[in-house]
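Shown next: final-v2.pdb, given as PDB, C-alpha atoms, pLDDT in the B column.
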```pdb
ATOM      1  CA  MET A   1      -1.041  -2.971 -39.108  1.00 69.00           C
ATOM      2  CA  PRO A   2      -3.733  -0.229 -39.154  1.00 72.00           C
ATOM      3  CA  ASP A   3      -4.504   1.396 -42.490  1.00 82.00           C
ATOM      4  CA  TYR A   4      -4.921   4.930 -41.141  1.00 87.00           C
ATOM      5  CA  PHE A   5      -2.838   7.191 -38.930  1.00 90.00           C
ATOM      6  CA  PRO A   6      -5.115   8.607 -36.208  1.00 89.00           C
ATOM      7  CA  ALA A   7      -5.010  12.397 -36.193  1.00 89.00           C
ATOM      8  CA  PHE A   8      -7.238  15.301 -35.291  1.00 88.00           C
ATOM      9  CA  LEU A   9      -7.408  17.998 -37.952  1.00 88.00           C
ATOM     10  CA  SER A  10      -8.422  21.608 -37.561  1.00 86.00           C
ATOM     11  CA  VAL A  11     -11.056  22.260 -40.210  1.00 84.00           C
ATOM     12  CA  SER A  12     -12.137  25.668 -38.960  1.00 77.00           C
ATOM     13  CA  ALA A  13     -10.925  27.348 -42.148  1.00 68.00           C
ATOM     14  CA  VAL A  14     -11.075  24.381 -44.519  1.00 71.00           C
ATOM     15  CA  ALA A  15     -13.339  24.241 -47.526  1.00 74.00           C
ATOM     16  CA  ALA A  16     -14.813  20.804 -48.118  1.00 73.00           C
ATOM     17  CA  ALA A  17     -16.810  19.621 -51.098  1.00 70.00           C
ATOM     18  CA  SER A  18     -19.413  16.911 -50.737  1.00 68.00           C
ATOM     19  CA  SER A  19     -20.665  15.402 -53.970  1.00 69.00           C
ATOM     20  CA  SER A  20     -24.192  14.009 -53.657  1.00 67.00           C
ATOM     21  CA  ALA A  21     -26.773  14.969 -51.153  1.00 68.00           C
ATOM     22  CA  GLY A  22     -28.387  11.939 -49.607  1.00 83.00           C
ATOM     23  CA  ALA A  23     -28.714  11.084 -45.937  1.00 87.00           C
ATOM     24  CA  VAL A  24     -25.106   9.876 -45.669  1.00 87.00           C
ATOM     25  CA  ALA A  25     -23.796  13.071 -47.255  1.00 88.00           C
ATOM     26  CA  GLU A  26     -25.958  15.098 -44.885  1.00 91.00           C
ATOM     27  CA  ARG A  27     -24.412  13.347 -41.852  1.00 90.00           C
ATOM     28  CA  LYS A  28     -20.903  14.055 -43.176  1.00 89.00           C
ATOM     29  CA  VAL A  29     -21.752  17.695 -43.871  1.00 92.00           C
ATOM     30  CA  ARG A  30     -23.222  18.181 -40.400  1.00 93.00           C
ATOM     31  CA  ALA A  31     -20.109  16.631 -38.828  1.00 90.00           C
ATOM     32  CA  LEU A  32     -17.873  19.030 -40.762  1.00 92.00           C
ATOM     33  CA  LEU A  33     -20.029  22.006 -39.808  1.00 93.00           C
ATOM     34  CA  GLU A  34     -19.714  21.113 -36.108  1.00 90.00           C
ATOM     35  CA  TYR A  35     -16.011  21.858 -36.446  1.00 89.00           C
ATOM     36  CA  GLY A  36     -16.373  25.086 -38.391  1.00 90.00           C
ATOM     37  CA  ALA A  37     -15.629  23.849 -41.902  1.00 92.00           C
ATOM     38  CA  GLN A  38     -16.846  25.759 -44.926  1.00 92.00           C
ATOM     39  CA  VAL A  39     -18.804  23.202 -46.953  1.00 93.00           C
ATOM     40  CA  THR A  40     -20.022  23.147 -50.541  1.00 92.00           C
ATOM     41  CA  VAL A  41     -22.533  20.501 -51.587  1.00 92.00           C
ATOM     42  CA  VAL A  42     -22.656  19.573 -55.267  1.00 92.00           C
ATOM     43  CA  SER A  43     -25.753  17.616 -56.242  1.00 90.00           C
ATOM     44  CA  PRO A  44     -28.783  18.046 -58.509  1.00 89.00           C
ATOM     45  CA  THR A  45     -31.000  17.180 -55.508  1.00 88.00           C
ATOM     46  CA  VAL A  46     -30.536  17.534 -51.754  1.00 90.00           C
ATOM     47  CA  THR A  47     -32.200  16.238 -48.614  1.00 91.00           C
ATOM     48  CA  PRO A  48     -34.603  18.585 -46.827  1.00 94.00           C
ATOM     49  CA  GLY A  49     -31.993  18.998 -44.074  1.00 94.00           C
ATOM     50  CA  LEU A  50     -29.303  20.077 -46.536  1.00 93.00           C
ATOM     51  CA  ALA A  51     -31.778  22.357 -48.289  1.00 94.00           C
ATOM     52  CA  ALA A  52     -32.410  24.060 -44.939  1.00 96.00           C
ATOM     53  CA  LEU A  53     -28.659  24.393 -44.305  1.00 96.00           C
ATOM     54  CA  ALA A  54     -28.217  25.937 -47.750  1.00 95.00           C
ATOM     55  CA  ALA A  55     -31.189  28.285 -47.266  1.00 97.00           C
ATOM     56  CA  SER A  56     -29.703  29.471 -43.969  1.00 97.00           C
ATOM     57  CA  GLY A  57     -26.330  30.071 -45.631  1.00 96.00           C
ATOM     58  CA  ARG A  58     -24.486  27.456 -43.560  1.00 96.00           C
ATOM     59  CA  VAL A  59     -23.467  25.528 -46.691  1.00 94.00           C
ATOM     60  CA  ALA A  60     -23.079  26.476 -50.321  1.00 92.00           C
ATOM     61  CA  ASN A  61     -25.207  24.391 -52.666  1.00 92.00           C
ATOM     62  CA  ARG A  62     -24.410  23.837 -56.329  1.00 92.00           C
ATOM     63  CA  ALA A  63     -27.583  22.206 -57.627  1.00 91.00           C
ATOM     64  CA  ARG A  64     -26.046  20.352 -60.554  1.00 91.00           C
ATOM     65  CA  ALA A  65     -23.776  17.453 -61.466  1.00 91.00           C
ATOM     66  CA  PHE A  66     -20.176  17.426 -60.228  1.00 92.00           C
ATOM     67  CA  ARG A  67     -17.485  19.303 -62.171  1.00 93.00           C
ATOM     68  CA  ARG A  68     -13.736  18.956 -61.624  1.00 92.00           C
ATOM     69  CA  SER A  69     -13.543  22.621 -60.690  1.00 94.00           C
ATOM     70  CA  ASP A  70     -15.865  22.007 -57.702  1.00 93.00           C
ATOM     71  CA  VAL A  71     -12.930  20.825 -55.587  1.00 92.00           C
ATOM     72  CA  ARG A  72     -10.730  23.840 -56.334  1.00 92.00           C
ATOM     73  CA  GLY A  73      -9.672  25.413 -53.040  1.00 91.00           C
ATOM     74  CA  CYS A  74     -10.770  22.414 -50.974  1.00 92.00           C
ATOM     75  CA  ALA A  75      -8.579  20.600 -48.491  1.00 92.00           C
ATOM     76  CA  LEU A  76     -11.094  17.755 -48.107  1.00 92.00           C
ATOM     77  CA  ALA A  77     -13.440  16.135 -50.602  1.00 93.00           C
ATOM     78  CA  ILE A  78     -16.157  13.633 -49.768  1.00 92.00           C
ATOM     79  CA  ALA A  79     -17.755  11.541 -52.500  1.00 92.00           C
ATOM     80  CA  ALA A  80     -21.054  10.026 -51.372  1.00 89.00           C
ATOM     81  CA  THR A  81     -22.875   9.331 -54.601  1.00 86.00           C
ATOM     82  CA  ASP A  82     -23.278   5.532 -54.755  1.00 81.00           C
ATOM     83  CA  ASP A  83     -22.112   5.948 -58.374  1.00 88.00           C
ATOM     84  CA  PRO A  84     -18.575   4.558 -58.757  1.00 91.00           C
ATOM     85  CA  VAL A  85     -17.933   6.662 -61.876  1.00 92.00           C
ATOM     86  CA  VAL A  86     -18.840   9.940 -60.157  1.00 91.00           C
ATOM     87  CA  ASP A  87     -17.023   8.933 -56.964  1.00 91.00           C
ATOM     88  CA  ALA A  88     -13.876   8.200 -59.004  1.00 93.00           C
ATOM     89  CA  ALA A  89     -14.170  11.557 -60.793  1.00 93.00           C
ATOM     90  CA  VAL A  90     -14.435  13.388 -57.455  1.00 93.00           C
ATOM     91  CA  ALA A  91     -11.472  11.477 -56.033  1.00 94.00           C
ATOM     92  CA  THR A  92      -9.300  12.041 -59.097  1.00 95.00           C
ATOM     93  CA  ALA A  93     -10.064  15.753 -59.329  1.00 95.00           C
ATOM     94  CA  ALA A  94      -9.497  16.278 -55.609  1.00 94.00           C
ATOM     95  CA  ARG A  95      -6.198  14.406 -55.538  1.00 96.00           C
ATOM     96  CA  ARG A  96      -4.894  16.403 -58.502  1.00 96.00           C
ATOM     97  CA  LEU A  97      -5.366  19.479 -56.333  1.00 95.00           C
ATOM     98  CA  ARG A  98      -3.831  17.743 -53.298  1.00 95.00           C
ATOM     99  CA  ALA A  99      -7.089  17.523 -51.347  1.00 94.00           C
ATOM    100  CA  LEU A 100      -7.687  14.562 -49.063  1.00 94.00           C
ATOM    101  CA  VAL A 101     -10.448  12.245 -50.259  1.00 94.00           C
ATOM    102  CA  ASN A 102     -13.139  10.217 -48.524  1.00 92.00           C
ATOM    103  CA  VAL A 103     -15.232   7.943 -50.734  1.00 92.00           C
ATOM    104  CA  VAL A 104     -18.113   6.825 -48.533  1.00 89.00           C
ATOM    105  CA  ASP A 105     -18.281   3.061 -47.936  1.00 87.00           C
ATOM    106  CA  ARG A 106     -15.130   2.459 -49.994  1.00 88.00           C
ATOM    107  CA  PRO A 107     -12.217   2.693 -47.527  1.00 86.00           C
ATOM    108  CA  GLU A 108      -9.788   1.348 -50.116  1.00 87.00           C
ATOM    109  CA  HIS A 109     -10.339   4.596 -52.070  1.00 90.00           C
ATOM    110  CA  CYS A 110     -10.020   6.899 -49.051  1.00 92.00           C
ATOM    111  CA  ASP A 111      -7.155   9.086 -47.895  1.00 93.00           C
ATOM    112  CA  PHE A 112      -9.059   9.616 -44.639  1.00 92.00           C
ATOM    113  CA  ILE A 113     -12.058   8.131 -42.906  1.00 90.00           C
ATOM    114  CA  LEU A 114     -14.344   9.622 -40.298  1.00 90.00           C
ATOM    115  CA  ALA A 115     -14.367   7.941 -36.906  1.00 93.00           C
ATOM    116  CA  SER A 116     -17.288   7.569 -34.545  1.00 94.00           C
ATOM    117  CA  VAL A 117     -16.591  10.269 -31.964  1.00 95.00           C
ATOM    118  CA  LEU A 118     -17.626  10.624 -28.334  1.00 96.00           C
ATOM    119  CA  ARG A 119     -17.510  14.302 -27.324  1.00 94.00           C
ATOM    120  CA  ARG A 120     -17.422  15.643 -23.805  1.00 94.00           C
ATOM    121  CA  GLY A 121     -16.454  19.293 -24.097  1.00 92.00           C
ATOM    122  CA  GLU A 122     -12.860  19.345 -25.341  1.00 92.00           C
ATOM    123  CA  LEU A 123     -12.497  15.606 -24.725  1.00 94.00           C
ATOM    124  CA  GLN A 124     -12.915  13.637 -27.926  1.00 95.00           C
ATOM    125  CA  ILE A 125     -12.598   9.876 -28.116  1.00 96.00           C
ATOM    126  CA  ALA A 126     -12.509   8.612 -31.687  1.00 96.00           C
ATOM    127  CA  VAL A 127     -13.289   4.986 -32.513  1.00 97.00           C
ATOM    128  CA  SER A 128     -12.399   3.529 -35.883  1.00 94.00           C
ATOM    129  CA  THR A 129     -12.438   0.095 -37.440  1.00 93.00           C
ATOM    130  CA  GLY A 130     -10.444   1.259 -40.440  1.00 90.00           C
ATOM    131  CA  GLY A 131     -13.652   1.418 -42.452  1.00 88.00           C
ATOM    132  CA  ARG A 132     -14.321  -2.294 -42.023  1.00 89.00           C
ATOM    133  CA  SER A 133     -17.395  -1.891 -39.800  1.00 93.00           C
ATOM    134  CA  PRO A 134     -18.604   1.657 -39.069  1.00 91.00           C
ATOM    135  CA  ALA A 135     -21.611   0.186 -37.235  1.00 94.00           C
ATOM    136  CA  LEU A 136     -19.267  -1.640 -34.833  1.00 97.00           C
ATOM    137  CA  ALA A 137     -17.316   1.592 -34.252  1.00 96.00           C
ATOM    138  CA  ARG A 138     -20.618   3.336 -33.370  1.00 96.00           C
ATOM    139  CA  GLU A 139     -21.560   0.545 -30.936  1.00 98.00           C
ATOM    140  CA  ILE A 140     -18.169   0.723 -29.216  1.00 98.00           C
ATOM    141  CA  ARG A 141     -18.503   4.511 -28.966  1.00 97.00           C
ATOM    142  CA  ARG A 142     -21.979   4.118 -27.447  1.00 97.00           C
ATOM    143  CA  GLY A 143     -20.506   1.748 -24.869  1.00 97.00           C
ATOM    144  CA  LEU A 144     -17.935   4.393 -23.916  1.00 97.00           C
ATOM    145  CA  GLU A 145     -20.652   7.000 -23.299  1.00 96.00           C
ATOM    146  CA  ALA A 146     -21.481   5.440 -19.910  1.00 93.00           C
ATOM    147  CA  LEU A 147     -17.825   5.613 -18.861  1.00 93.00           C
ATOM    148  CA  PHE A 148     -17.445   9.317 -19.681  1.00 93.00           C
ATOM    149  CA  ALA A 149     -20.278  11.389 -18.204  1.00 92.00           C
ATOM    150  CA  PRO A 150     -21.296  14.663 -19.875  1.00 92.00           C
ATOM    151  CA  ASN A 151     -19.502  16.653 -17.162  1.00 90.00           C
ATOM    152  CA  TYR A 152     -16.141  15.325 -18.362  1.00 91.00           C
ATOM    153  CA  GLY A 153     -15.866  18.532 -20.371  1.00 91.00           C
ATOM    154  CA  ASP A 154     -15.653  20.433 -17.069  1.00 92.00           C
ATOM    155  CA  VAL A 155     -12.896  18.090 -15.860  1.00 92.00           C
ATOM    156  CA  ILE A 156     -10.925  18.807 -19.041  1.00 92.00           C
ATOM    157  CA  ALA A 157     -11.397  22.567 -18.683  1.00 92.00           C
ATOM    158  CA  ARG A 158     -10.223  22.549 -15.057  1.00 91.00           C
ATOM    159  CA  ALA A 159      -7.258  20.307 -15.874  1.00 93.00           C
ATOM    160  CA  GLY A 160      -6.257  22.579 -18.750  1.00 93.00           C
ATOM    161  CA  GLU A 161      -6.321  25.665 -16.541  1.00 93.00           C
ATOM    162  CA  GLY A 162      -4.477  23.850 -13.749  1.00 93.00           C
ATOM    163  CA  ARG A 163      -1.832  22.635 -16.193  1.00 93.00           C
ATOM    164  CA  ARG A 164      -1.314  26.144 -17.544  1.00 93.00           C
ATOM    165  CA  ARG A 165      -0.807  27.561 -14.050  1.00 93.00           C
ATOM    166  CA  ALA A 166       1.414  24.698 -12.828  1.00 90.00           C
ATOM    167  CA  ARG A 167       3.646  24.821 -15.901  1.00 90.00           C
ATOM    168  CA  ALA A 168       4.001  28.596 -15.614  1.00 92.00           C
ATOM    169  CA  GLU A 169       5.388  28.168 -12.088  1.00 92.00           C
ATOM    170  CA  ALA A 170       7.837  25.406 -13.056  1.00 90.00           C
ATOM    171  CA  THR A 171      11.407  26.493 -13.774  1.00 91.00           C
ATOM    172  CA  THR A 172      12.780  23.556 -15.791  1.00 92.00           C
ATOM    173  CA  ARG A 173      11.585  21.421 -18.652  1.00 92.00           C
ATOM    174  CA  ALA A 174      11.410  18.368 -16.367  1.00 92.00           C
ATOM    175  CA  ALA A 175       9.429  20.326 -13.788  1.00 91.00           C
ATOM    176  CA  ARG A 176       6.971  21.507 -16.448  1.00 91.00           C
ATOM    177  CA  LEU A 177       6.482  17.930 -17.621  1.00 91.00           C
ATOM    178  CA  GLU A 178       5.929  16.714 -14.046  1.00 92.00           C
ATOM    179  CA  ALA A 179       3.523  19.598 -13.379  1.00 90.00           C
ATOM    180  CA  GLY A 180       1.354  18.571 -16.318  1.00 90.00           C
ATOM    181  CA  GLU A 181       1.371  14.930 -15.228  1.00 92.00           C
ATOM    182  CA  ARG A 182       0.516  15.850 -11.623  1.00 92.00           C
ATOM    183  CA  VAL A 183      -2.453  17.989 -12.688  1.00 92.00           C
ATOM    184  CA  ALA A 184      -3.775  15.190 -14.921  1.00 91.00           C
ATOM    185  CA  ARG A 185      -3.569  12.625 -12.098  1.00 92.00           C
ATOM    186  CA  LEU A 186      -5.315  14.993  -9.671  1.00 90.00           C
ATOM    187  CA  ALA A 187      -8.068  15.753 -12.187  1.00 88.00           C
ATOM    188  CA  LEU A 188      -8.879  12.056 -12.489  1.00 86.00           C
ATOM    189  CA  VAL A 189      -8.746  11.463  -8.716  1.00 87.00           C
ATOM    190  CA  ARG A 190     -11.090  14.396  -8.070  1.00 82.00           C
ATOM    191  CA  ARG A 191     -13.413  13.200 -10.804  1.00 73.00           C
TER     192      ARG A 191
END
```
Structure re-expressed in structure tokens:
Amino acid sequence: MPDYFPAFLSVSAVAAASSSAGAVAERKVRALLEYGAQVTVVSPTVTPGLAALAASGRVANRARAFRRSDVRGCALAIAATDDPVVDAAVATAARRLRALVNVVDRPEHCDFILASVLRRGELQIAVSTGGRSPALAREIRRGLEALFAPNYGDVIARAGEGRRRARAEATTRAARLEAGERVARLALVRR
């Protein structure tokens, strides 16, 4: 049985704390920023990329060691320190405040994990191995890239508009359901 329930979360108004500022933390921060999250990085040192993000105001940077109060107001917390003591402190503090926790490379300590995601406009295909082999998830996602061309975003946009129109014209619940299904089938045939 899988360890994680697959879900897509809206993080457009979520504050996320990332403790540590190495290359792995930078990748996680950039992924969160792509979805509009407000991110605070807590680390005595940061990568040049995170320093540039902080200088531009895209992330808040607390250039010091982690404090329990750093996760106050956060819905997500990511611990990426390679120090089990600090990672545990981040996880404990975040859970006390009901934030979801990701401890990088320690899926057994995670409330959520980040999948390898193929994006084509609004189409997102997430691949996860439950934290057992992130590299394998990336390779599978790369294999899917050839199956879903970059213009798939246009297909999704047209299907969404067609669905909206077709459902608006339908008069019953069953007709609305069939309208959505019909538009989806046509979108794939026309593709």
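Among the candidates A:Thr47, A:Ser56, A:Asn102, A:Thr40, the residue lying nearest to Cys74 of chain A is A:Thr40 (atoms considered: all atoms listed in the file).
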When you look at Ala17 of chain A with a cut-off of 8 Å (counting all atoms listed in the file), what residues show up, excluding the ones that are within fewer than 5 positions of it in the same chain? I need them as a list in words. Val39, Thr40, Val41, Val42, Asp70, Val71, Cys74, Leu76, Ala77 and Ile78 of chain A
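Residues in contact with segment 185-190 of chain A at 12 Å, where all atoms listed in the file are counted and same-chain residues fewer than 3 positions away are skipped, are listed as A:Phe148, A:Tyr152, A:Gly153, A:Asp154, A:Val155, A:Ile156, A:Ala157, A:Arg158, A:Ala159, A:Gly160, A:Glu161, A:Gly162, A:Arg163, A:Glu178, A:Ala179, A:Gly180, A:Glu181, A:Arg182.
Comparing A:Val59, A:Leu177, A:Ala88, A:Ala31 by their smallest distance to Ala15 of chain A, the closest is A:Val59 (using all atoms listed in the file).
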Restricting the calculation to all atoms listed in the file, which member of A:Ala60, A:Ala23, A:Leu118, A:Ile113 is positioned closest to Leu9 of chain A?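 Using all atoms listed in the file, the shortest distance to Leu9 of chain A belongs to A:Ile113.
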Length of the atom CA of Phe8 of chain A to atom CA of Ala174 of chain A vector [Å]: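 So the answer is 26.7 Å.
Of the listed residues (A:Arg98, A:Arg173, A:Arg68, A:Arg119), A:Arg119 comes nearest to Pro150 of chain A; the distances count all atoms listed in the file.
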Contacts of Val90 of chain A within 12 Å, only C-alpha atoms, excl. fewer than 4 positions in-chain, as a PyMOL selection string: chain A and resi 16-20+42+65-72+74+76-81+83-86+94-97+99-104+109-110
Atom CA of Ala55 of chain A sits from atom CA of Gly121 of chain A at a separation of 28.9 Å
